[in-house]
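Q: Input structure.csv, format and content: CSV, C-alpha atoms.
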chain,number,residue,atom,x,y,z
A,25,MET,CA,94.9,108.6,123.1
A,26,ALA,CA,97.4,108.0,120.3
A,27,ASN,CA,97.3,111.6,119.1
A,28,GLU,CA,98.5,113.0,122.3
A,29,ASN,CA,101.7,110.9,121.9
A,30,LEU,CA,102.1,111.6,118.2
A,31,GLU,CA,105.6,113.1,117.8
A,32,ALA,CA,105.8,113.4,114.0
A,33,TYR,CA,103.7,112.5,110.9
A,34,THR,CA,105.3,112.1,107.5
A,35,LEU,CA,103.6,111.2,104.2
A,36,SER,CA,104.6,109.6,100.9
A,37,VAL,CA,102.5,108.9,97.8
A,38,VAL,CA,103.6,106.2,95.4
A,39,VAL,CA,101.9,106.0,92.0
A,40,ILE,CA,102.4,103.0,89.7
A,41,GLY,CA,102.0,103.4,86.0
A,42,ALA,CA,104.0,104.4,82.9
A,43,PHE,CA,105.9,107.7,83.3
A,44,ASN,CA,108.4,109.8,81.4
A,45,PRO,CA,110.9,110.7,84.2
A,46,SER,CA,112.7,113.5,82.4
A,47,ILE,CA,109.5,115.6,82.1
A,48,VAL,CA,109.1,116.2,85.8
A,49,HIS,CA,111.7,118.7,86.8
A,50,PRO,CA,111.6,121.6,89.3
A,51,PHE,CA,111.6,124.2,86.5
A,52,TRP,CA,108.8,122.4,84.7
A,53,LEU,CA,106.8,122.5,88.0
A,54,ALA,CA,107.5,126.3,88.4
A,55,ASN,CA,106.7,127.0,84.8
A,56,LYS,CA,103.3,125.4,85.3
A,57,LYS,CA,103.0,127.5,88.5
A,58,LEU,CA,102.7,124.4,90.7
A,59,ILE,CA,105.6,125.5,92.9
A,60,ARG,CA,107.2,128.9,93.5
A,61,GLU,CA,110.0,129.9,91.2
A,62,GLN,CA,112.3,130.4,94.2
A,63,GLU,CA,111.6,126.8,95.2
A,64,ALA,CA,112.7,125.6,91.8
A,65,GLU,CA,115.8,127.7,91.9
A,66,SER,CA,116.9,126.3,95.2
A,67,ALA,CA,115.9,122.7,94.4
A,68,ASN,CA,118.5,120.0,95.0
A,69,ILE,CA,118.6,118.1,91.7
A,70,GLU,CA,120.3,114.7,92.0
A,71,VAL,CA,119.7,113.3,88.6
A,72,VAL,CA,117.4,114.0,85.7
A,73,HIS,CA,117.7,111.1,83.2
A,74,THR,CA,115.4,109.2,80.8
A,75,GLU,CA,115.2,106.4,83.3
A,76,ILE,CA,115.1,108.3,86.6
A,77,SER,CA,114.5,111.8,87.9
A,78,LYS,CA,115.3,112.6,91.5
A,79,PHE,CA,115.2,116.0,93.2
A,80,SER,CA,114.0,117.7,96.3
A,81,ILE,CA,112.5,121.1,97.1
A,82,ASP,CA,112.3,122.5,100.6
A,83,TRP,CA,109.2,120.6,101.5
A,84,ALA,CA,109.1,117.5,99.3
A,85,THR,CA,111.2,114.9,97.6
A,86,PHE,CA,110.5,113.5,94.1
A,87,GLU,CA,111.7,110.2,92.6
A,88,ILE,CA,110.3,109.2,89.2
A,89,THR,CA,111.2,106.2,87.2
A,90,ARG,CA,109.4,104.7,84.2
A,91,ASP,CA,107.0,102.8,86.3
A,92,ARG,CA,107.0,104.5,89.7
A,93,PHE,CA,106.3,108.1,90.7
A,94,VAL,CA,107.0,108.9,94.4
A,95,VAL,CA,106.6,112.2,96.3
A,96,LYS,CA,107.4,112.4,100.0
A,97,THR,CA,107.3,115.0,102.7
A,98,SER,CA,108.3,115.0,106.3
A,99,GLN,CA,106.5,118.3,107.0
A,100,GLU,CA,102.9,117.9,108.0
A,101,PRO,CA,101.8,121.4,106.9
A,102,TYR,CA,102.6,120.4,103.3
A,103,PHE,CA,100.4,117.3,103.1
A,104,GLU,CA,97.6,119.2,101.3
A,105,PRO,CA,100.0,121.0,99.0
A,106,VAL,CA,101.5,117.6,98.1
A,107,ARG,CA,98.0,116.3,97.3
A,108,ASP,CA,97.3,119.4,95.1
A,109,LEU,CA,100.7,119.1,93.4
A,110,ILE,CA,100.1,115.4,92.5
A,111,LEU,CA,96.6,116.1,91.3
A,112,GLU,CA,97.7,119.1,89.1
A,113,ILE,CA,100.7,117.1,87.7
A,114,PHE,CA,98.4,114.3,86.5
A,115,LYS,CA,95.7,116.8,85.3
A,116,LEU,CA,98.5,118.1,83.0
A,117,LEU,CA,99.8,114.7,82.1
A,118,LYS,CA,96.3,113.3,81.7
A,119,GLU,CA,97.3,110.7,79.2
A,120,THR,CA,99.5,108.9,81.7
A,121,PRO,CA,98.3,105.4,82.3
A,122,ILE,CA,98.2,104.7,86.1
A,123,ARG,CA,97.2,101.3,87.5
A,124,SER,CA,97.6,101.8,91.2
A,125,PHE,CA,98.6,104.2,93.9
A,126,GLY,CA,99.5,104.1,97.6
A,127,THR,CA,99.2,106.7,100.3
A,128,ASN,CA,101.8,106.0,103.0
A,129,HIS,CA,101.2,107.4,106.4
A,130,SER,CA,104.2,107.2,108.8
A,131,LYS,CA,103.3,108.1,112.3
A,132,TYR,CA,105.9,108.4,115.0
A,133,TYR,CA,104.9,108.0,118.6
A,134,ASP,CA,106.6,108.7,121.9
A,135,LEU,CA,106.1,105.8,124.3
A,136,ARG,CA,107.9,107.9,127.0
A,137,ASP,CA,109.6,105.1,129.0
A,138,ALA,CA,111.4,101.8,128.6
A,139,ASP,CA,108.6,99.9,130.4
A,140,ARG,CA,105.8,101.1,128.1
A,141,HIS,CA,108.1,100.6,125.1
A,142,TYR,CA,108.6,96.9,126.1
A,143,LYS,CA,104.9,96.4,126.8
A,144,PHE,CA,103.9,97.8,123.4
A,145,GLY,CA,105.8,95.1,121.6
A,146,ASN,CA,104.8,92.4,124.1
A,147,LYS,CA,101.1,93.1,123.7
A,148,LEU,CA,101.2,93.0,119.9
A,149,ALA,CA,103.4,89.9,119.6
A,150,PRO,CA,103.5,88.1,123.0
A,151,LEU,CA,107.2,87.6,123.6
A,152,SER,CA,106.6,84.6,125.9
A,153,ASN,CA,106.2,82.6,122.6
A,154,TRP,CA,109.9,83.1,122.0
A,155,SER,CA,111.4,82.8,125.4
A,156,ASP,CA,112.1,79.1,125.0
A,157,TYR,CA,114.4,79.9,122.1
A,158,LEU,CA,115.7,83.4,122.7
A,159,GLU,CA,117.1,85.1,125.8
A,160,ASP,CA,115.2,88.3,126.6
A,161,PRO,CA,113.4,88.6,123.2
A,162,ARG,CA,112.1,91.9,121.9
A,163,LEU,CA,109.8,92.9,119.0
A,164,GLN,CA,111.6,94.7,116.2
A,165,THR,CA,109.3,94.8,113.2
A,166,LEU,CA,105.7,93.6,112.7
A,167,GLU,CA,103.9,93.7,109.3
A,168,ILE,CA,100.3,92.8,108.7
A,169,ILE,CA,98.5,92.9,105.4
A,170,GLU,CA,94.7,93.1,104.9
A,171,THR,CA,93.6,90.6,102.2
A,172,LYS,CA,90.3,92.3,101.4
A,173,ARG,CA,89.6,96.0,102.0
A,174,LYS,CA,86.8,96.9,104.4
A,175,ASP,CA,85.4,99.6,102.0
A,176,GLY,CA,85.1,97.0,99.2
A,177,LYS,CA,87.6,98.9,96.9
A,178,LYS,CA,90.3,96.9,95.0
A,179,GLY,CA,93.5,97.1,97.0
A,180,LEU,CA,94.8,96.5,100.5
A,181,PHE,CA,96.0,98.1,103.7
A,182,ARG,CA,99.4,97.1,105.0
A,183,ILE,CA,100.6,98.0,108.4
A,184,LYS,CA,104.1,97.9,109.6
A,185,ILE,CA,105.3,98.7,113.1
A,186,GLN,CA,109.0,99.3,113.5
A,187,PRO,CA,111.6,101.5,115.2
A,188,PRO,CA,111.6,105.1,114.0
A,189,ASP,CA,113.7,105.8,110.9
A,190,ILE,CA,114.1,109.5,111.6
A,191,LYS,CA,115.9,111.0,114.6
A,192,LEU,CA,113.2,112.0,117.1
A,193,SER,CA,113.6,113.9,120.3
A,194,ALA,CA,111.8,111.0,122.0
A,195,ILE,CA,114.1,108.2,123.2
A,196,TYR,CA,111.4,105.5,123.3
A,197,GLY,CA,109.8,106.0,119.9
A,198,ILE,CA,108.0,103.7,117.5
A,199,LEU,CA,106.9,104.1,113.9
A,200,ILE,CA,103.5,102.9,112.6
A,201,ASN,CA,103.4,102.8,108.8
A,202,VAL,CA,100.0,102.5,107.1
A,203,ASN,CA,100.1,101.8,103.4
A,204,ASP,CA,96.7,102.4,101.7
A,205,HIS,CA,97.1,100.8,98.3
A,206,LEU,CA,94.4,101.1,95.7
A,207,ASP,CA,94.2,99.4,92.2
A,208,ILE,CA,92.4,101.6,89.7
A,209,ASN,CA,91.3,101.8,86.1
A,210,GLU,CA,93.9,103.5,84.0
A,211,ARG,CA,92.1,106.9,83.5
A,212,ASP,CA,90.6,107.3,87.0
A,213,PHE,CA,93.6,108.4,88.9
A,214,VAL,CA,92.7,112.1,89.5
A,215,LYS,CA,89.2,111.4,90.6
A,216,THR,CA,90.0,108.3,92.7
A,217,PHE,CA,93.1,109.9,94.4
A,218,SER,CA,91.1,113.0,95.2
A,219,GLU,CA,88.1,111.1,96.6
A,220,ASN,CA,90.3,108.7,98.6
A,221,TRP,CA,92.4,111.4,100.3
A,222,LYS,CA,90.3,112.1,103.3
A,223,PRO,CA,89.1,108.5,103.8
A,224,SER,CA,92.7,107.4,103.7
A,225,PHE,CA,93.6,109.8,106.5
A,226,ASP,CA,90.5,108.8,108.5
A,227,ARG,CA,91.3,105.1,108.2
A,228,ALA,CA,95.0,105.6,109.0
A,229,SER,CA,93.9,107.5,112.1
A,230,GLU,CA,91.4,104.8,113.1
A,231,ILE,CA,94.0,102.0,112.7
A,232,THR,CA,96.7,103.8,114.6
A,233,GLU,CA,94.2,104.7,117.4
A,234,LEU,CA,93.1,101.1,117.7
A,235,ILE,CA,96.7,99.7,117.7
A,236,TRP,CA,97.5,102.3,120.4
A,237,GLU,CA,94.5,101.3,122.5
A,238,LYS,CA,95.2,97.5,122.2
A,239,ALA,CA,98.9,97.9,122.9
A,240,ASN,CA,98.5,100.2,125.9
A,241,ASN,CA,95.6,98.6,127.7
B,11,MET,CA,130.5,93.8,81.2
B,12,GLY,CA,130.9,95.5,84.6
B,13,VAL,CA,132.5,98.8,85.0
B,14,ASN,CA,135.5,97.4,86.7
B,15,THR,CA,136.1,95.0,83.8
B,16,TYR,CA,135.7,97.9,81.4
B,17,VAL,CA,138.2,99.9,83.2
B,18,GLU,CA,140.6,96.9,83.4
B,19,LYS,CA,140.3,96.3,79.7
B,20,ILE,CA,141.0,100.0,78.9
B,21,LEU,CA,144.1,99.9,81.2
B,22,GLN,CA,145.3,96.7,79.5
B,23,THR,CA,144.9,97.9,76.0
B,24,GLY,CA,146.4,101.3,76.9
B,25,GLN,CA,143.5,103.2,75.3
B,26,PHE,CA,142.9,105.1,78.5
B,27,THR,CA,145.5,107.1,80.3
B,28,THR,CA,145.3,107.3,84.1
B,29,ASP,CA,146.7,110.8,84.2
B,30,GLY,CA,143.3,112.3,83.5
B,31,LYS,CA,144.1,113.7,80.0
B,32,ASP,CA,141.8,111.4,78.0
B,33,VAL,CA,138.6,113.3,78.8
B,34,LEU,CA,136.5,111.4,76.2
B,35,GLU,CA,137.3,108.0,77.6
B,36,LYS,CA,136.7,109.3,81.2
B,37,ASN,CA,133.3,110.6,80.2
B,38,LYS,CA,132.5,107.3,78.6
B,39,ILE,CA,133.4,105.5,81.9
B,40,ASN,CA,131.5,108.1,83.9
B,41,LEU,CA,128.4,107.5,81.8
B,42,PHE,CA,128.8,103.8,82.0
B,43,ALA,CA,129.1,103.9,85.7
B,44,LEU,CA,126.1,106.2,86.0
B,45,ASN,CA,124.0,103.9,83.9
B,46,GLU,CA,125.1,100.9,85.9
B,47,LYS,CA,124.0,102.7,89.1
B,48,ILE,CA,120.7,103.7,87.6
B,49,ILE,CA,120.0,100.1,86.5
B,50,ARG,CA,120.9,98.9,89.9
B,51,ARG,CA,118.6,101.5,91.5
B,52,LEU,CA,115.8,100.6,89.1
B,53,LYS,CA,116.1,96.9,90.0
B,54,GLU,CA,116.1,97.8,93.7
B,55,ILE,CA,112.9,99.8,93.6
B,56,GLY,CA,111.2,97.6,90.9
B,57,MET,CA,108.6,96.5,93.3
B,58,ASP,CA,105.0,96.3,92.1
B,59,ASN,CA,103.6,97.6,95.4
B,60,THR,CA,103.2,101.0,96.7
B,61,PHE,CA,104.6,100.5,100.1
B,62,SER,CA,107.3,103.0,100.9
B,63,SER,CA,109.5,103.7,103.9
B,64,HIS,CA,112.3,106.2,104.4
B,65,GLN,CA,114.8,103.4,104.4
B,66,GLU,CA,113.8,102.4,100.9
B,67,ILE,CA,116.9,103.7,99.3
B,68,LYS,CA,119.8,101.6,100.5
B,69,LYS,CA,123.4,102.7,100.3
B,70,PHE,CA,124.8,102.0,96.9
B,71,LEU,CA,127.8,99.8,97.0
B,72,ASP,CA,130.9,101.7,96.1
B,73,ASP,CA,132.7,100.2,93.1
B,74,GLY,CA,136.0,101.4,94.5
B,75,ILE,CA,136.5,103.2,91.2
B,76,GLU,CA,136.4,106.6,92.7
B,77,GLN,CA,139.3,105.9,95.0
B,78,ASP,CA,141.5,104.5,92.2
B,79,TYR,CA,140.9,107.2,89.6
B,80,ASP,CA,140.6,110.9,89.7
B,81,PHE,CA,137.0,111.3,88.8
B,82,GLN,CA,133.7,110.9,90.6
B,83,THR,CA,130.5,109.1,89.4
B,84,PRO,CA,127.3,110.5,90.7
B,85,LYS,CA,125.8,108.8,93.7
B,86,PHE,CA,122.2,108.8,94.9
B,87,SER,CA,121.6,110.0,98.4
B,88,ILE,CA,121.0,107.4,101.0
B,89,GLY,CA,118.1,109.2,102.6
B,90,PHE,CA,115.0,110.1,100.6
B,91,ILE,CA,113.5,112.6,103.0
B,92,ASP,CA,114.9,115.3,105.3
B,93,LYS,CA,115.0,113.2,108.4
B,94,ARG,CA,116.3,116.1,110.5
B,95,LYS,CA,113.3,118.4,110.0
B,96,TYR,CA,109.8,117.5,111.1
B,97,PHE,CA,106.7,119.2,112.5
B,98,SER,CA,104.7,118.3,115.5
B,99,LYS,CA,101.7,119.5,117.4
B,100,ILE,CA,100.2,120.9,114.2
B,101,GLN,CA,96.9,122.6,113.7
B,102,LYS,CA,95.9,123.1,110.1
B,103,TRP,CA,93.2,125.2,108.4
B,104,VAL,CA,92.1,125.7,104.9
B,105,GLY,CA,91.1,129.3,104.3
B,106,HIS,CA,89.1,131.0,101.6
B,107,ILE,CA,89.3,134.8,101.1
B,108,ILE,CA,86.1,136.6,101.6
B,109,ASP,CA,87.5,140.2,101.5
B,110,PHE,CA,90.9,141.9,101.0
B,111,ASN,CA,92.6,145.2,100.5
B,112,ASP,CA,96.3,146.2,100.1
B,113,GLU,CA,97.1,145.5,103.8
B,114,VAL,CA,94.6,142.9,105.2
B,115,ILE,CA,93.0,139.7,104.0
B,116,THR,CA,89.8,138.5,105.7
B,117,ALA,CA,89.2,134.8,105.3
B,118,LYS,CA,86.9,132.0,106.4
B,119,LEU,CA,88.9,129.2,108.0
B,120,ASN,CA,88.0,125.5,108.3
B,121,ASP,CA,89.9,123.2,110.6
B,122,ILE,CA,91.2,120.5,108.3
B,123,ASN,CA,91.1,117.8,111.0
B,124,ASN,CA,87.8,118.9,112.4
B,125,PRO,CA,85.8,120.7,109.7
B,126,THR,CA,82.5,121.1,111.6
B,127,THR,CA,82.7,124.8,112.4
B,128,TYR,CA,84.4,127.7,110.8
B,129,GLU,CA,86.1,130.9,112.0
B,130,ILE,CA,86.7,134.3,110.4
B,131,ALA,CA,90.2,135.6,110.7
B,132,GLU,CA,92.3,138.5,109.4
B,133,PHE,CA,95.9,138.3,108.1
B,134,ASP,CA,98.3,141.0,107.1
B,135,VAL,CA,99.2,140.8,103.4
B,136,ASP,CA,102.9,140.9,104.6
B,137,GLU,CA,102.4,137.5,106.1
B,138,VAL,CA,101.8,136.0,102.6
B,139,PRO,CA,105.0,135.0,100.8
B,140,PRO,CA,105.7,137.5,97.9
B,141,GLU,CA,105.4,134.8,95.2
B,142,ASP,CA,101.9,133.8,96.5
B,143,ARG,CA,100.5,137.3,96.5
B,144,GLU,CA,99.4,137.1,92.9
B,145,PHE,CA,96.9,134.5,94.0
B,146,ILE,CA,95.1,136.9,96.4
B,147,SER,CA,91.5,137.3,95.2
B,148,ASN,CA,88.0,136.7,96.5
B,149,GLY,CA,87.4,133.0,96.9
B,150,ALA,CA,91.1,132.0,96.6
B,151,GLY,CA,92.1,129.1,98.8
B,152,PHE,CA,95.1,128.8,101.1
B,153,TYR,CA,96.5,126.6,103.8
B,154,TRP,CA,97.5,128.0,107.2
B,155,SER,CA,99.4,125.8,109.7
B,156,LEU,CA,100.6,126.5,113.2
B,157,GLY,CA,103.0,124.1,115.0
B,158,GLN,CA,106.4,123.3,116.3
B,159,VAL,CA,109.2,122.5,113.9
B,160,ASN,CA,112.1,120.3,115.0
B,161,ASP,CA,114.9,121.4,112.7
B,162,ASN,CA,118.0,119.3,113.5
B,163,GLY,CA,117.1,119.3,117.2
B,164,GLN,CA,116.2,123.0,117.4
B,165,ILE,CA,112.5,123.4,118.2
B,166,GLU,CA,110.7,126.6,117.1
B,167,LYS,CA,107.1,127.7,116.7
B,168,LYS,CA,106.1,128.3,113.1
B,169,SER,CA,103.1,129.8,111.2
B,170,LEU,CA,102.9,128.9,107.5
B,171,ILE,CA,100.7,130.3,104.8
B,172,ARG,CA,100.6,128.7,101.4
B,173,PHE,CA,98.2,129.5,98.6
B,174,GLN,CA,96.5,126.7,96.6
B,175,ARG,CA,98.1,126.4,93.2
B,176,THR,CA,95.3,124.6,91.5
B,177,LYS,CA,94.1,125.3,88.0
B,178,PRO,CA,90.6,126.9,87.5
B,179,TRP,CA,87.8,124.4,86.8
B,180,GLU,CA,87.3,123.3,83.2
B,181,GLU,CA,84.0,122.6,81.5
B,182,SER,CA,84.6,118.8,82.0
B,183,ASP,CA,85.0,119.3,85.8
B,184,ILE,CA,81.7,121.3,86.0
B,185,ASN,CA,79.9,118.6,83.9
B,186,GLU,CA,81.3,115.9,86.2
B,187,ILE,CA,79.8,117.8,89.2
B,188,ILE,CA,76.5,118.2,87.5
B,189,ASP,CA,76.4,114.5,86.7
B,190,SER,CA,77.2,113.6,90.3
B,191,ALA,CA,74.4,116.0,91.5
B,192,ASP,CA,72.0,114.4,89.0
B,193,GLU,CA,72.9,110.9,90.3
B,194,LEU,CA,72.4,112.0,93.9
B,195,TYR,CA,69.1,113.6,93.0
B,196,HIS,CA,67.8,110.4,91.4
B,197,LYS,CA,69.0,108.3,94.3
B,198,LEU,CA,67.1,110.7,96.7
B,199,ASN,CA,64.0,110.5,94.5
B,200,ASN,CA,64.0,106.7,94.7
B,201,TRP,CA,64.5,106.7,98.4
B,202,GLU,CA,61.6,105.1,100.2
Would you mind writing the structure in this file as structure tokens?
A:
Amino acid sequence: MANENLEAYTLSVVVIGAFNPSIVHPFWLANKKLIREQEAESANIEVVHTEISKFSIDWATFEITRDRFVVKTSQEPYFEPVRDLILEIFKLLKETPIRSFGTNHSKYYDLRDADRHYKFGNKLAPLSNWSDYLEDPRLQTLEIIETKRKDGKKGLFRIKIQPPDIKLSAIYGILINVNDHLDINERDFVKTFSENWKPSFDRASEITELIWEKANN
Amino acid sequence: MGVNTYVEKILQTGQFTTDGKDVLEKNKINLFALNEKIIRRLKEIGMDNTFSSHQEIKKFLDDGIEQDYDFQTPKFSIGFIDKRKYFSKIQKWVGHIIDFNDEVITAKLNDINNPTTYEIAEFDVDEVPPEDREFISNGAGFYWSLGQVNDNGQIEKKSLIRFQRTKPWEESDINEIIDSADELYHKLNNWE
């Protein structure tokens, strides 16, 4: 079971559209009661500019440019608050044209020992294919894109397997990234994002579970 | 014109003094350098896809200008997420208040990952962060999580309560729900 070996789970949401970066600011969020005032006061503001706004509060990081709106969190208890926050922001900025969004699930697993770590890569991309050209080849990164979504919606799933990009307590860790990308009609964001939330988590879980089964059996 | 060329030109023409007295010119260069970094950052993330990883923001090349002159241009952080703090072995519930008084909240809890059954639980009002207490009312929603947090290598158990900060439903939301219910009703009526 993949879940038993899940070490950490982080999330980011990327929205593509036309934004005004300087509007979204910690004190604007607090003023709208979307975050606590104390969170706004202790926010780390890197830049607020007409072209880019970048800041972080204790549980999320924001980066907004004219065409890209990104919120990330490394803290699983805040996944639902991140969803609520994004929904409420775009309910307030309801005239914002949005053409696509992606929910990025980053799951970090502990493979426990060197042997299992090697076998995981070898199973997904047989390394014997490379042994004629390379001495002791190892899998570093694997990226697969779905050309047509199973659920019939416009968009794609992209899966990337790579070494962890955060410092885990596990020595033999891997990261499975699942990008759930949906193209939408400009005014449908709030409804589509809300409806797609749970199915996105279900599909990410199904995909990672299947990868785990295939790579470990 | 790159920022280095700009600085060179100023130095050649003598319009800028390196002793730090010409504040106006320094601000001009600061702004120029900041804008250049922003343009570079925008080019770097100007991808028309929604894939995102934590390594997305690469280190900005240092122009060398900060070492040569006594001012700093802002830099974006290399990381985009707190990589030292993450949760594991999490159990999450969404709760709705069914009763409360000055000391205790009684709530119906649904497991977010397995919402088939529910439990009734009591929480001390003291457990609710002060800024969230204004949201305590019958029917109010909150998230409750239990898990381990790894903060810079230090592992500790944590319980988190956070109230939902969502706006009350508007007439359009209610109309949308009525429309969906009507649609479902018609589908069921046509079911053979």
Q: Go ahead and find all residues with at least one atom no further than 10 Å from (116.9, 114.7, 87.1) in the file's coordinates, using all atoms listed in the file; report them as a ChimeraX atom specification.
A: /A:45-50,68-79,86-88
Q: Please identify every residue of chain A that has at least one atom no farther than 6 Å from an atom of chain B, counting only C-alpha atoms, and for each give the shortest atom pair and the distance in Å to one decimal, arranged by chain then increasing number, as a tab-separated table.
A:
residue	atom	partner	partner_atom	distance
A:Glu31	CA	B:Ser98	CA	5.8
A:Ala32	CA	B:Ser98	CA	5.2
A:Val38	CA	B:Thr60	CA	5.4
A:Leu58	CA	B:Arg175	CA	5.6
A:Ser98	CA	B:Tyr96	CA	5.6
A:Gln99	CA	B:Tyr96	CA	5.3
A:Pro101	CA	B:Ser155	CA	5.7
A:Gly126	CA	B:Thr60	CA	4.9
A:Ile190	CA	B:Lys93	CA	5.0
A:Asn203	CA	B:Phe61	CA	5.7
Q: Separation of atom CA of Ile146 of chain B and atom CA of Lys168 of chain B, in Å?
A: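 Between these atoms lies a distance of 21.8 Å.
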Q: What's the separation between atom CA of Ile40 of chain A and atom CA of Leu206 of chain A, in Å to one decimal place?
A: 10.2 Å
Q: List as a ChimeraX atom specification the protein and nucleic acid residues near Thr34 of chain A, meaning an atom at most 7 Å away when all atoms listed in the file are counted, but skip any in the same chain fewer than 4 places from it.
A: /A:97-100,129-131
Q: Give the answer as one residue: which of A:Val214, A:Ile231, A:Leu158, A:Met25 has the shortest atom-to-atom distance to Glu170 of chain A, using all atoms listed in the file?
A: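 Among the listed residues, A:Ile231 lies closest to Glu170 of chain A.
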Q: Might you pull out every residue within 12 Å of Lys172 of chain A, with only C-alpha atoms counted and same-chain residues fewer than 3 positions away left off, and present them as a list in words?
A: Ile169, Asp175, Gly176, Lys177, Lys178, Gly179, Leu180, Phe181, Arg182, Asp204, His205 and Leu206 of chain A
Q: What's the separation between atom CA of Glu113 of chain B and atom CA of Gln62 of chain A, in Å to one decimal place?
A: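 It comes out at 23.5 Å.
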Q: With 8 Å of padding per side, what axis-aligned box (centre and edge lengths, Å, one decimal) covers all the listed atoms of segment 150-164 of chain A? Give it as lines of an AutoDock Vina configuration file.
A:
center_x = 110.3
center_y = 86.9
center_z = 121.4
size_x = 29.6
size_y = 31.6
size_z = 26.4
Q: Compare B:Lys38, B:Lys47, B:His106, B:Lys197 by their minimum atom-to-atom distance to Glu129 of chain B, counting all atoms listed in the file, and give me the closest one.
A: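 Counting all atoms listed in the file, the residue closest to Glu129 of chain B is B:His106.
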Q: Neighbouring residues of segment 133-141 of chain A were defined as those with any atom within 7 Å, considering only C-alpha atoms; residues of the same chain fewer than 5 positions away were excluded. Please report them as a list in words.
A: Asn29, Leu30, Glu31, Ala194, Tyr196, Gly197, Ile198 and Leu199 of chain A
Q: Which residues are close to segment 144-156 of chain A, i.e. within 10 Å by all atoms listed in the file, leaving aside same-chain residues fewer than 2 positions away? Reply as a PDB file with C-alpha atoms, keeping the file's coordinate frame.
A:
ATOM      1  CA  LEU A 135     106.100 105.800 124.300  1.00  0.00           C
ATOM      2  CA  ALA A 138     111.400 101.800 128.600  1.00  0.00           C
ATOM      3  CA  ASP A 139     108.600  99.900 130.400  1.00  0.00           C
ATOM      4  CA  ARG A 140     105.800 101.100 128.100  1.00  0.00           C
ATOM      5  CA  HIS A 141     108.100 100.600 125.100  1.00  0.00           C
ATOM      6  CA  TYR A 142     108.600  96.900 126.100  1.00  0.00           C
ATOM      7  CA  LEU A 158     115.700  83.400 122.700  1.00  0.00           C
ATOM      8  CA  GLU A 159     117.100  85.100 125.800  1.00  0.00           C
ATOM      9  CA  ASP A 160     115.200  88.300 126.600  1.00  0.00           C
ATOM     10  CA  PRO A 161     113.400  88.600 123.200  1.00  0.00           C
ATOM     11  CA  ARG A 162     112.100  91.900 121.900  1.00  0.00           C
ATOM     12  CA  LEU A 163     109.800  92.900 119.000  1.00  0.00           C
ATOM     13  CA  GLN A 164     111.600  94.700 116.200  1.00  0.00           C
ATOM     14  CA  THR A 165     109.300  94.800 113.200  1.00  0.00           C
ATOM     15  CA  LEU A 166     105.700  93.600 112.700  1.00  0.00           C
ATOM     16  CA  ILE A 185     105.300  98.700 113.100  1.00  0.00           C
ATOM     17  CA  GLN A 186     109.000  99.300 113.500  1.00  0.00           C
ATOM     18  CA  ILE A 198     108.000 103.700 117.500  1.00  0.00           C
ATOM     19  CA  ILE A 235      96.700  99.700 117.700  1.00  0.00           C
ATOM     20  CA  TRP A 236      97.500 102.300 120.400  1.00  0.00           C
ATOM     21  CA  LYS A 238      95.200  97.500 122.200  1.00  0.00           C
ATOM     22  CA  ALA A 239      98.900  97.900 122.900  1.00  0.00           C
ATOM     23  CA  ASN A 240      98.500 100.200 125.900  1.00  0.00           C
ATOM     24  CA  ASN A 241      95.600  98.600 127.700  1.00  0.00           C
TER      25      ASN A 241
END
